[in-house]
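**Student:** So that you have it, the file is target_25.txt, and it contains compact mmCIF, C-alpha atoms:
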```txt
# COMPACT_ATOMS: atom_id res chain seq x y z
CA MET M 28 -71.32 71.77 101.78
CA GLU M 29 -69.61 71.79 98.41
CA PRO M 30 -72.80 71.49 96.35
CA VAL M 31 -74.05 74.62 98.16
CA PHE M 32 -70.98 76.50 97.01
CA GLN M 33 -71.58 75.67 93.34
CA ALA M 34 -75.34 76.14 93.62
CA ASN M 35 -74.92 79.54 95.26
CA LEU M 36 -72.64 80.70 92.47
CA ILE M 37 -75.21 79.50 89.92
CA LEU M 38 -77.95 81.30 91.88
CA SER M 39 -75.85 84.46 91.90
CA THR M 40 -75.37 84.20 88.12
CA LEU M 41 -79.12 83.66 87.62
CA LEU M 42 -79.98 86.73 89.71
CA PHE M 43 -77.43 88.82 87.84
CA THR M 44 -78.84 87.70 84.48
CA ILE M 45 -82.37 88.56 85.58
CA GLY M 46 -81.06 91.98 86.60
CA VAL M 47 -79.44 92.50 83.20
CA LEU M 48 -82.69 91.48 81.47
CA GLY M 49 -84.59 93.96 83.64
CA VAL M 50 -82.24 96.79 82.70
CA MET M 51 -82.68 96.01 79.00
CA TRP M 52 -86.41 95.33 78.95
CA LYS M 53 -87.90 97.91 81.29
CA ARG M 54 -88.49 101.54 80.43
CA ASN M 55 -89.54 102.87 83.81
CA ALA M 56 -86.51 104.37 85.56
CA ILE M 57 -87.50 102.96 88.96
CA SER M 58 -87.84 99.44 87.53
CA LEU M 59 -84.39 99.88 86.04
CA PHE M 60 -83.05 100.84 89.44
CA MET M 61 -84.63 97.80 91.06
CA SER M 62 -82.91 95.60 88.49
CA VAL M 63 -79.59 97.24 89.38
CA GLU M 64 -80.28 96.45 93.05
CA LEU M 65 -80.88 92.83 92.03
CA MET M 66 -77.48 92.74 90.32
CA LEU M 67 -75.79 94.22 93.40
CA ASN M 68 -77.46 91.53 95.51
CA ALA M 69 -76.16 88.86 93.15
CA ALA M 70 -72.63 90.21 93.59
CA ASN M 71 -73.10 90.26 97.37
CA LEU M 72 -74.23 86.64 97.31
CA ALA M 73 -71.12 85.63 95.37
CA PHE M 74 -68.91 87.54 97.84
CA VAL M 75 -70.48 85.89 100.88
CA THR M 76 -70.34 82.45 99.24
CA PHE M 77 -66.63 82.77 98.57
CA ALA M 78 -66.00 84.19 102.05
CA PHE M 79 -67.81 81.19 103.52
CA GLN M 80 -66.00 78.69 101.35
CA LEU M 81 -62.55 80.10 102.07
CA GLY M 82 -63.23 80.79 105.75
CA LEU M 83 -62.44 84.49 105.32
CA LEU M 84 -64.16 87.53 106.78
CA SER M 85 -63.24 90.05 104.07
CA GLY M 86 -66.29 89.04 102.03
CA GLY M 87 -68.60 90.34 104.75
CA ILE M 88 -66.72 93.65 104.87
CA LEU M 89 -67.02 94.07 101.10
CA VAL M 90 -70.74 93.34 101.33
CA LEU M 91 -71.10 96.11 103.91
CA PHE M 92 -69.33 98.56 101.59
CA ILE M 93 -71.49 97.51 98.64
CA MET M 94 -74.62 98.08 100.73
CA THR M 95 -73.44 101.58 101.65
CA VAL M 96 -72.79 102.43 98.01
CA ALA M 97 -76.21 101.00 97.07
CA ALA M 98 -77.89 103.17 99.68
CA ALA M 99 -76.09 106.29 98.45
CA GLU M 100 -76.93 105.40 94.85
CA ALA M 101 -80.61 104.88 95.69
CA GLY M 102 -80.78 108.22 97.49
CA VAL M 103 -79.21 110.28 94.70
CA GLY M 104 -80.91 108.35 91.90
CA LEU M 105 -84.37 108.67 93.35
CA ALA M 106 -83.78 112.41 93.92
CA ILE M 107 -82.89 112.70 90.21
CA PHE M 108 -86.11 110.85 89.30
CA ILE M 109 -88.17 113.27 91.41
CA ALA M 110 -86.50 116.23 89.67
CA LEU M 111 -87.10 114.57 86.28
CA PHE M 112 -90.73 113.87 87.12
CA ARG M 113 -91.30 117.54 88.00
CA VAL M 114 -90.29 118.55 84.48
CA HIS M 115 -91.65 115.74 82.27
CA ARG M 116 -94.48 114.25 84.39
CA HIS M 117 -93.08 110.80 83.62
CA ILE M 118 -89.79 108.94 84.11
CA ARG M 119 -89.67 106.75 81.00
CA VAL M 120 -85.99 106.46 80.23
CA ASP M 121 -86.42 105.96 76.47
CA GLU M 122 -87.95 109.41 76.09
CA GLN M 123 -85.28 111.30 77.98
CA ASP M 124 -83.02 113.12 75.52
CA MET M 125 -82.08 116.29 77.39
CA LEU M 126 -79.08 116.85 79.58
CA ARG M 127 -80.61 120.04 80.96
CA GLY M 128 -84.36 120.14 81.27
CA MET D 20 -83.18 68.00 105.35
CA PHE D 21 -80.64 70.75 104.75
CA LEU D 22 -80.78 70.06 101.04
CA LEU D 23 -84.57 70.31 101.06
CA ILE D 24 -84.50 73.71 102.80
CA TYR D 25 -81.76 74.90 100.52
CA SER D 26 -83.52 73.86 97.29
CA THR D 27 -86.78 75.46 98.42
CA LEU D 28 -84.88 78.67 99.15
CA PHE D 29 -83.12 78.50 95.77
CA ALA D 30 -86.43 78.09 93.93
CA LEU D 31 -88.12 80.86 95.93
CA THR D 32 -85.25 83.28 95.26
CA VAL D 33 -85.41 82.68 91.52
CA VAL D 34 -89.22 82.93 91.44
CA PHE D 35 -89.26 86.24 93.31
CA ALA D 36 -86.45 87.62 91.17
CA LEU D 37 -88.43 86.67 88.05
CA GLY D 38 -91.37 88.44 89.68
CA VAL D 39 -89.33 91.67 89.68
CA LEU D 40 -88.88 91.16 85.95
CA VAL D 41 -92.41 90.17 84.89
CA PHE D 42 -94.69 92.27 87.11
CA ARG D 43 -95.88 95.28 85.18
CA ASN D 44 -97.10 97.05 88.28
CA THR D 45 -94.08 98.80 89.83
CA VAL D 46 -95.31 98.33 93.41
CA LYS D 47 -95.75 94.56 92.93
CA SER D 48 -92.29 94.48 91.38
CA ALA D 49 -90.81 96.24 94.44
CA ILE D 50 -92.58 93.88 96.88
CA SER D 51 -91.21 90.94 94.90
CA LEU D 52 -87.73 92.45 95.22
CA VAL D 53 -88.17 92.70 99.02
CA PHE D 54 -88.96 88.98 99.16
CA THR D 55 -85.95 88.19 96.96
CA MET D 56 -83.76 90.04 99.44
CA LEU D 57 -85.30 88.20 102.39
CA CYS D 58 -84.58 84.88 100.64
CA ILE D 59 -80.97 85.94 100.08
CA ALA D 60 -80.74 86.86 103.78
CA ALA D 61 -81.97 83.36 104.67
CA ASN D 62 -79.28 82.00 102.36
CA TYR D 63 -76.66 84.00 104.30
CA LEU D 64 -78.03 82.50 107.53
CA LEU D 65 -77.57 79.01 106.09
CA MET D 66 -73.93 79.96 105.47
CA ARG D 67 -73.67 81.12 109.11
CA GLN D 68 -73.00 84.74 108.19
CA GLU D 69 -75.43 86.06 110.78
CA PHE D 70 -74.33 89.67 110.85
CA VAL D 71 -74.44 90.09 107.07
CA ALA D 72 -77.88 88.46 107.03
CA PHE D 73 -79.25 90.91 109.62
CA ILE D 74 -77.74 93.87 107.81
CA GLN D 75 -79.29 92.57 104.58
CA VAL D 76 -82.74 92.52 106.19
CA ILE D 77 -82.42 95.87 107.98
CA VAL D 78 -80.63 97.96 105.35
CA TYR D 79 -81.75 96.39 102.07
CA ALA D 80 -85.19 94.95 102.68
CA GLY D 81 -85.91 97.63 105.27
CA ALA D 82 -84.38 100.98 104.44
CA ILE D 83 -83.55 100.96 100.72
CA MET D 84 -86.79 99.31 99.60
CA VAL D 85 -88.84 101.67 101.76
CA VAL D 86 -87.24 104.58 99.90
CA PHE D 87 -88.10 102.88 96.60
CA LEU D 88 -91.73 102.33 97.59
CA PHE D 89 -91.91 105.87 98.94
CA VAL D 90 -90.78 107.34 95.62
CA ILE D 91 -93.07 105.04 93.60
CA MET D 92 -96.07 106.18 95.63
CA LEU D 93 -94.93 109.82 95.70
CA LEU D 94 -94.74 109.92 91.91
CA ASN D 95 -97.95 107.87 91.71
CA LEU D 96 -96.75 105.81 88.77
CA ARG D 97 -100.07 104.34 87.68
CA GLU D 98 -99.28 103.52 84.09
CA PRO D 99 -98.26 99.87 83.67
CA GLU D 100 -94.76 99.03 82.64
CA SER D 101 -94.21 98.36 78.97
CA PRO D 102 -90.97 97.29 77.34
CA ALA D 103 -88.58 99.83 75.91
CA TRP D 104 -88.45 100.03 72.14
CA TYR D 105 -85.75 102.59 71.53
CA LEU D 106 -83.74 100.12 69.47
CA ARG D 107 -85.25 97.80 66.92
CA GLY D 108 -85.34 94.19 68.10
CA MET D 109 -83.58 95.20 71.32
CA ARG D 110 -85.77 92.90 73.33
CA TYR D 111 -84.65 89.78 71.50
CA TRP D 112 -81.01 90.73 71.03
CA GLY D 113 -80.78 91.84 74.64
CA GLY D 114 -82.36 88.61 75.85
CA ALA D 115 -80.06 86.51 73.68
CA LEU D 116 -76.99 88.38 74.94
CA ALA D 117 -78.10 88.05 78.57
CA PHE D 118 -78.55 84.29 78.21
CA LEU D 119 -75.21 83.97 76.44
CA PHE D 120 -73.71 85.83 79.40
CA PHE D 121 -75.42 83.44 81.80
CA PHE D 122 -74.19 80.34 80.01
CA VAL D 123 -70.60 81.60 79.86
CA LEU D 124 -70.65 82.32 83.61
CA ALA D 125 -72.32 78.99 84.43
CA TRP D 126 -69.76 77.17 82.31
CA GLY D 127 -66.99 79.00 84.14
CA ILE D 128 -68.46 77.93 87.48
CA GLN D 129 -68.73 74.32 86.29
CA VAL D 130 -65.07 74.09 85.27
CA PHE D 131 -63.96 76.07 88.32
CA SER D 132 -61.93 73.80 90.55
CA VAL D 133 -63.25 73.68 94.11
CA ALA D 134 -60.62 71.11 95.08
CA ASP D 135 -58.00 73.70 96.06
CA LEU D 136 -60.43 75.73 98.17
CA THR D 137 -60.69 75.03 101.88
CA PRO D 138 -64.03 73.36 102.59
CA GLY D 139 -66.12 76.10 104.10
CA ALA D 140 -67.88 75.42 107.36
CA ALA D 141 -64.91 73.64 108.89
CA ALA D 142 -62.54 76.52 108.12
CA LEU D 143 -64.97 79.10 109.46
CA GLU D 144 -65.54 77.16 112.68
CA GLU D 145 -61.80 76.78 113.06
CA LEU D 146 -61.30 80.52 112.63
CA ARG D 147 -63.92 81.29 115.26
CA ARG D 148 -62.67 78.76 117.75
CA GLU D 149 -59.09 79.95 117.66
CA SER D 150 -59.99 83.63 117.99
CA GLY D 151 -62.78 83.00 120.52
CA GLN D 152 -64.75 86.00 119.22
CA ALA D 153 -68.12 86.40 117.59
CA GLU D 154 -68.42 87.19 113.88
CA VAL D 155 -69.50 90.77 114.61
CA THR D 156 -66.46 91.45 116.78
CA GLN D 157 -64.11 90.12 114.14
CA LEU D 158 -65.79 92.12 111.37
CA ALA D 159 -65.68 95.30 113.47
CA THR D 160 -61.99 94.79 114.28
CA LEU D 161 -61.16 94.29 110.60
CA MET D 162 -63.25 97.31 109.67
CA VAL D 163 -61.32 99.75 111.87
CA THR D 164 -57.89 98.27 111.28
CA ARG D 165 -57.16 96.91 107.83
CA TYR D 166 -60.13 98.54 106.10
CA ILE D 167 -60.02 101.89 107.91
CA VAL D 168 -59.37 103.96 104.76
CA PRO D 169 -62.32 102.61 102.74
CA PHE D 170 -64.42 102.93 105.89
CA LEU D 171 -63.63 106.65 106.17
CA LEU D 172 -64.09 107.15 102.41
CA THR D 173 -67.54 105.57 102.78
CA SER D 174 -68.52 108.28 105.24
CA VAL D 175 -67.43 110.95 102.74
CA LEU D 176 -69.47 109.18 100.04
CA LEU D 177 -72.57 109.16 102.22
CA LEU D 178 -72.15 112.87 103.02
CA VAL D 179 -71.84 113.70 99.31
CA ALA D 180 -74.90 111.54 98.55
CA VAL D 181 -77.01 113.31 101.20
CA ILE D 182 -76.07 116.77 99.94
CA GLY D 183 -76.52 115.67 96.32
CA ALA D 184 -79.98 114.25 97.00
CA ILE D 185 -81.09 117.49 98.68
CA VAL D 186 -79.72 119.64 95.83
CA MET D 187 -81.34 117.41 93.18
CA ALA D 188 -84.81 117.17 94.68
CA ARG D 189 -84.98 120.85 95.66
CA ARG D 190 -88.26 122.64 95.13
CA LYS D 191 -88.70 125.07 92.25
CA ASP D 192 -90.75 128.29 92.19
CA GLU D 193 -94.11 128.79 90.43
CA ASP D 194 -92.58 129.55 87.01
CA GLY D 195 -90.75 126.26 87.11
CA ARG D 196 -87.43 128.03 87.52
CA ASP D 197 -84.77 126.71 89.83
CA ILE D 198 -84.57 128.56 93.12
CA THR D 199 -80.95 129.72 93.22
CA PHE D 200 -79.06 130.37 96.39
CA ASP D 201 -79.07 134.16 95.74
CA GLU D 202 -82.84 134.35 95.47
CA ASP D 203 -83.10 132.18 98.51
CA GLU D 204 -81.05 134.64 100.50
CA GLU D 205 -83.07 137.60 99.19
CA GLY D 206 -86.29 135.90 100.19
CA ALA D 207 -84.95 135.24 103.65
```
Could you quickly redo this structure as structure tokens?
**Tutor:**
Amino acid sequence: MEPVFQANLILSTLLFTIGVLGVMWKRNAISLFMSVELMLNAANLAFVTFAFQLGLLSGGILVLFIMTVAAAEAGVGLAIFIALFRVHRHIRVDEQDMLRG
Amino acid sequence: MFLLIYSTLFALTVVFALGVLVFRNTVKSAISLVFTMLCIAANYLLMRQEFVAFIQVIVYAGAIMVVFLFVIMLLNLREPESPAWYLRGMRYWGGALAFLFFFVLAWGIQVFSVADLTPGAAALEELRRESGQAEVTQLATLMVTRYIVPFLLTSVLLLVAVIGAIVMARRKDEDGRDITFDEDEEGA
């Protein structure tokens, strides 16, 4: 099982890096958000891998909390995008330069 | 056999995650993300974390991604994705930094000593046998005993998020002005 431990950590790192690349390369706010979800998933994978390796249960609990925070974040963030879209008719993040629109 | 399944899963996860990055169509990108999450759930199953795997499928691949797709289709984002150019050469510098980040982490994992960690499956089986309870029962017990404060704080967070989402996405009147609470009361 030990190779799985290392490989899962590498997989988690890969997913996180892809998420970082997405945040830097995309300009659509929703694509950015999906990249953030990818990074959260990478963190979850690392948590579960360590929990499995150490025979602990706390990893699963942390994953549940992270999922809750991700759901709350998605709800509020997507509401902000809808409000933004009403004003600008687009949600390209590189053209947003107003705090109050 | 296990190794074959695991390597296939590994490859699929990376391919779908890259799909999120390279698809220019936002809907295709979201579908690719759903499949990435399903692959990660399968990975959890291989590590015998059944409850977390089910929650991953139901909450992430089910609920959260449905909200994403809903908003994408609501806003009708037809225009294809193109890279951001708000900083000169950001694409290359950002890529270089991300890969540097990856190599530092991978190096850290390589030198990380697994010798002093308990080998996984055995320890987990041991834990289950001596408590005689399912994973869900143990998680639930932990959740309402040791982690009761974060658990309650989570409920507050969700309440705030619900109210915040409603306030943010509220409708505006014909002039594009925000409908304030006063006007709302007058109208009613």
**Student:** Interatomic distance between CA of Phe87 (chain D) and CA of Met56 (chain D)?
**Tutor:**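 CA of Met56 (chain D) lies at a distance of 13.8 Å from CA of Phe87 (chain D).
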**Student:** Could you name the residues that touch Val63 (chain M) at 10 Å or less, counting all atoms listed in the file, but leaving out those on the same chain fewer than 3 positions away, as a VMD selection string?
**Tutor:** chain M and resid 43 45 to 47 49 to 50 57 to 60 66 to 69 97 101
**Student:** Show which residues sit within 12 Å of Arg116 (chain M), as a list in words. Count only C-alpha atoms, and ignore same-chain residues fewer than 3 positions away.
**Tutor:** Phe108, Ile109, Ala110, Leu111, Phe112, Arg113, Arg119, Glu122 and Gln123 of chain M; Leu94, Asn95, Leu96, Arg97 and Glu98 of chain D
**Student:** Distance CA of Gly87 (chain M)-CA of Asn71 (chain M), one decimal place?
**Tutor:**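 Rounded to one decimal, the two atoms are 8.6 Å apart.
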**Student:** Compare M:Val103, M:Val96, M:Ala70, M:Val31 by their minimum atom-to-atom distance to chain D, counting all atoms listed in the file, and give me the closest one.
**Tutor:** M:Val103
**Student:** Calculated over all atoms listed in the file, which of the candidates D:Leu158, D:Val53, D:Leu124, D:Val39 has the smallest distance to Leu38 (chain M)?
**Tutor:**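 Looking only at the distances to Leu38 (chain M), the closest residue turns out to be D:Leu124.
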**Student:** Hey, which of D:Trp112, D:Phe121, D:Trp126, D:Phe89 ends up closest to chain M? Count only C-alpha atoms.
**Tutor:** D:Phe121
**Student:** Quick one, how far is CA of Gly114 (chain D) from CA of Trp52 (chain M)?
**Tutor:** 8.4 Å
**Student:** With all atoms listed in the file as the basis for distance, which of M:Met61, M:Met125, M:Leu36, M:Ala106 is at the shortest distance from Thr76 (chain M)?
**Tutor:**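 With all atoms listed in the file as the atom set, the closest residue is M:Leu36.
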**Student:** Pick from M:Ala98, M:Val75, M:Val114, M:Leu126: nearest to Val181 (chain D), with only C-alpha atoms counted?
**Tutor:**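 Smallest separation from Val181 (chain D) among the options: M:Ala98.
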**Student:** Which of these residues is nearest to chain D, using all atoms listed in the file: M:Ser85, M:Gln80, M:Ser62, M:Asn35?
**Tutor:**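 Of M:Ser85, M:Gln80, M:Ser62, M:Asn35, the one nearest chain D, counting all atoms listed in the file, is M:Gln80.
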**Student:** Please provide the set of residues having any atom within 10 Å of Val34 (chain D), restricted to all atoms listed in the file, with same-chain residues fewer than 6 positions apart removed, written as a tab-separated table (two decimals) with C-alpha atoms, in the frame of the given file.
**Tutor:**
```tsv
chain	number	residue	atom	x	y	z
D	28	LEU	CA	-84.88	78.67	99.15
D	40	LEU	CA	-88.88	91.16	85.95
D	51	SER	CA	-91.21	90.94	94.90
D	54	PHE	CA	-88.96	88.98	99.16
D	55	THR	CA	-85.95	88.19	96.96
```
**Student:** With C-alpha atoms retained, output chain M as an mmCIF file, in the first residue's frame.
**Tutor:**
```cif
data_model
loop_
_atom_site.group_PDB
_atom_site.id
_atom_site.type_symbol
_atom_site.label_atom_id
_atom_site.label_comp_id
_atom_site.auth_asym_id
_atom_site.auth_seq_id
_atom_site.Cartn_x
_atom_site.Cartn_y
_atom_site.Cartn_z
ATOM 1 C CA MET M 28 0.000 0.000 0.000
ATOM 2 C CA GLU M 29 2.948 2.314 0.458
ATOM 3 C CA PRO M 30 3.359 3.168 -3.232
ATOM 4 C CA VAL M 31 -0.301 4.284 -3.201
ATOM 5 C CA PHE M 32 0.473 6.694 -0.392
ATOM 6 C CA GLN M 33 3.287 8.380 -2.327
ATOM 7 C CA ALA M 34 1.394 8.257 -5.617
ATOM 8 C CA ASN M 35 -1.687 9.822 -4.049
ATOM 9 C CA LEU M 36 0.355 12.682 -2.655
ATOM 10 C CA ILE M 37 1.899 13.210 -6.103
ATOM 11 C CA LEU M 38 -1.590 13.099 -7.645
ATOM 12 C CA SER M 39 -2.781 15.657 -5.109
ATOM 13 C CA THR M 40 0.155 17.927 -5.978
ATOM 14 C CA LEU M 41 -0.563 17.553 -9.704
ATOM 15 C CA LEU M 42 -4.228 18.469 -9.234
ATOM 16 C CA PHE M 43 -3.289 21.467 -7.112
ATOM 17 C CA THR M 44 -0.804 22.669 -9.740
ATOM 18 C CA ILE M 45 -3.416 22.336 -12.478
ATOM 19 C CA GLY M 46 -5.764 24.380 -10.292
ATOM 20 C CA VAL M 47 -3.134 27.095 -9.830
ATOM 21 C CA LEU M 48 -2.524 27.182 -13.594
ATOM 22 C CA GLY M 49 -6.268 27.514 -14.169
ATOM 23 C CA VAL M 50 -6.513 30.459 -11.783
ATOM 24 C CA MET M 51 -3.643 32.216 -13.564
ATOM 25 C CA TRP M 52 -4.573 31.433 -17.161
ATOM 26 C CA LYS M 53 -8.343 31.775 -17.280
ATOM 27 C CA ARG M 54 -10.232 35.040 -17.434
ATOM 28 C CA ASN M 55 -13.779 33.789 -17.033
ATOM 29 C CA ALA M 56 -14.783 34.045 -13.368
ATOM 30 C CA ILE M 57 -16.614 30.702 -13.407
ATOM 31 C CA SER M 58 -13.573 28.923 -14.860
ATOM 32 C CA LEU M 59 -11.529 30.487 -12.085
ATOM 33 C CA PHE M 60 -13.967 29.133 -9.531
ATOM 34 C CA MET M 61 -13.786 25.653 -11.015
ATOM 35 C CA SER M 62 -10.000 25.770 -10.702
ATOM 36 C CA VAL M 63 -10.394 26.702 -7.028
ATOM 37 C CA GLU M 64 -12.687 23.681 -6.588
ATOM 38 C CA LEU M 65 -9.958 21.549 -8.158
ATOM 39 C CA MET M 66 -7.454 22.848 -5.597
ATOM 40 C CA LEU M 67 -9.863 22.122 -2.737
ATOM 41 C CA ASN M 68 -10.270 18.582 -4.078
ATOM 42 C CA ALA M 69 -6.496 18.172 -4.162
ATOM 43 C CA ALA M 70 -6.322 19.197 -0.501
ATOM 44 C CA ASN M 71 -9.128 16.755 0.337
ATOM 45 C CA LEU M 72 -7.263 13.959 -1.407
ATOM 46 C CA ALA M 73 -4.138 14.685 0.636
ATOM 47 C CA PHE M 74 -6.193 14.716 3.857
ATOM 48 C CA VAL M 75 -7.850 11.378 3.107
ATOM 49 C CA THR M 76 -4.534 9.834 2.049
ATOM 50 C CA PHE M 77 -2.885 10.802 5.316
ATOM 51 C CA ALA M 78 -5.926 9.690 7.327
ATOM 52 C CA PHE M 79 -5.747 6.317 5.579
ATOM 53 C CA GLN M 80 -2.028 5.952 6.065
ATOM 54 C CA LEU M 81 -2.111 6.836 9.760
ATOM 55 C CA GLY M 82 -5.325 4.938 10.478
ATOM 56 C CA LEU M 83 -7.032 8.084 11.761
ATOM 57 C CA LEU M 84 -10.565 9.322 11.220
ATOM 58 C CA SER M 85 -9.930 13.056 11.634
ATOM 59 C CA GLY M 86 -9.036 13.361 7.951
ATOM 60 C CA GLY M 87 -12.574 12.417 6.965
ATOM 61 C CA ILE M 88 -14.018 15.008 9.362
ATOM 62 C CA LEU M 89 -11.794 17.735 7.905
ATOM 63 C CA VAL M 90 -12.888 16.736 4.406
ATOM 64 C CA LEU M 91 -16.522 17.151 5.451
ATOM 65 C CA PHE M 92 -15.790 20.644 6.773
ATOM 66 C CA ILE M 93 -13.912 21.584 3.597
ATOM 67 C CA MET M 94 -16.874 20.424 1.504
ATOM 68 C CA THR M 95 -19.240 22.582 3.552
ATOM 69 C CA VAL M 96 -17.025 25.625 3.105
ATOM 70 C CA ALA M 97 -16.761 24.878 -0.639
ATOM 71 C CA ALA M 98 -20.544 24.713 -0.923
ATOM 72 C CA ALA M 99 -20.960 28.023 0.915
ATOM 73 C CA GLU M 100 -18.242 29.591 -1.230
ATOM 74 C CA ALA M 101 -19.868 28.369 -4.442
ATOM 75 C CA GLY M 102 -23.251 29.739 -3.379
ATOM 76 C CA VAL M 103 -22.027 33.227 -2.468
ATOM 77 C CA GLY M 104 -19.527 33.428 -5.335
ATOM 78 C CA LEU M 105 -22.024 32.468 -7.995
ATOM 79 C CA ALA M 106 -24.519 34.987 -6.564
ATOM 80 C CA ILE M 107 -21.818 37.666 -6.916
ATOM 81 C CA PHE M 108 -21.241 36.591 -10.541
ATOM 82 C CA ILE M 109 -24.960 36.911 -11.291
ATOM 83 C CA ALA M 110 -24.989 40.416 -9.771
ATOM 84 C CA LEU M 111 -21.844 41.288 -11.768
ATOM 85 C CA PHE M 112 -23.341 39.929 -14.977
ATOM 86 C CA ARG M 113 -26.446 42.116 -14.528
ATOM 87 C CA VAL M 114 -24.269 45.227 -14.572
ATOM 88 C CA HIS M 115 -21.516 44.409 -17.092
ATOM 89 C CA ARG M 116 -23.104 41.684 -19.279
ATOM 90 C CA HIS M 117 -19.897 39.667 -18.889
ATOM 91 C CA ILE M 118 -17.850 38.199 -16.028
ATOM 92 C CA ARG M 119 -14.307 38.550 -17.364
ATOM 93 C CA VAL M 120 -12.221 39.111 -14.267
ATOM 94 C CA ASP M 121 -9.484 41.117 -16.013
ATOM 95 C CA GLU M 122 -11.942 43.869 -16.904
ATOM 96 C CA GLN M 123 -13.418 44.303 -13.459
ATOM 97 C CA ASP M 124 -12.013 47.449 -11.852
ATOM 98 C CA MET M 125 -14.921 48.720 -9.774
ATOM 99 C CA LEU M 126 -15.653 47.977 -6.163
ATOM 100 C CA ARG M 127 -19.160 49.397 -6.519
ATOM 101 C CA GLY M 128 -20.838 48.977 -9.868
#
```
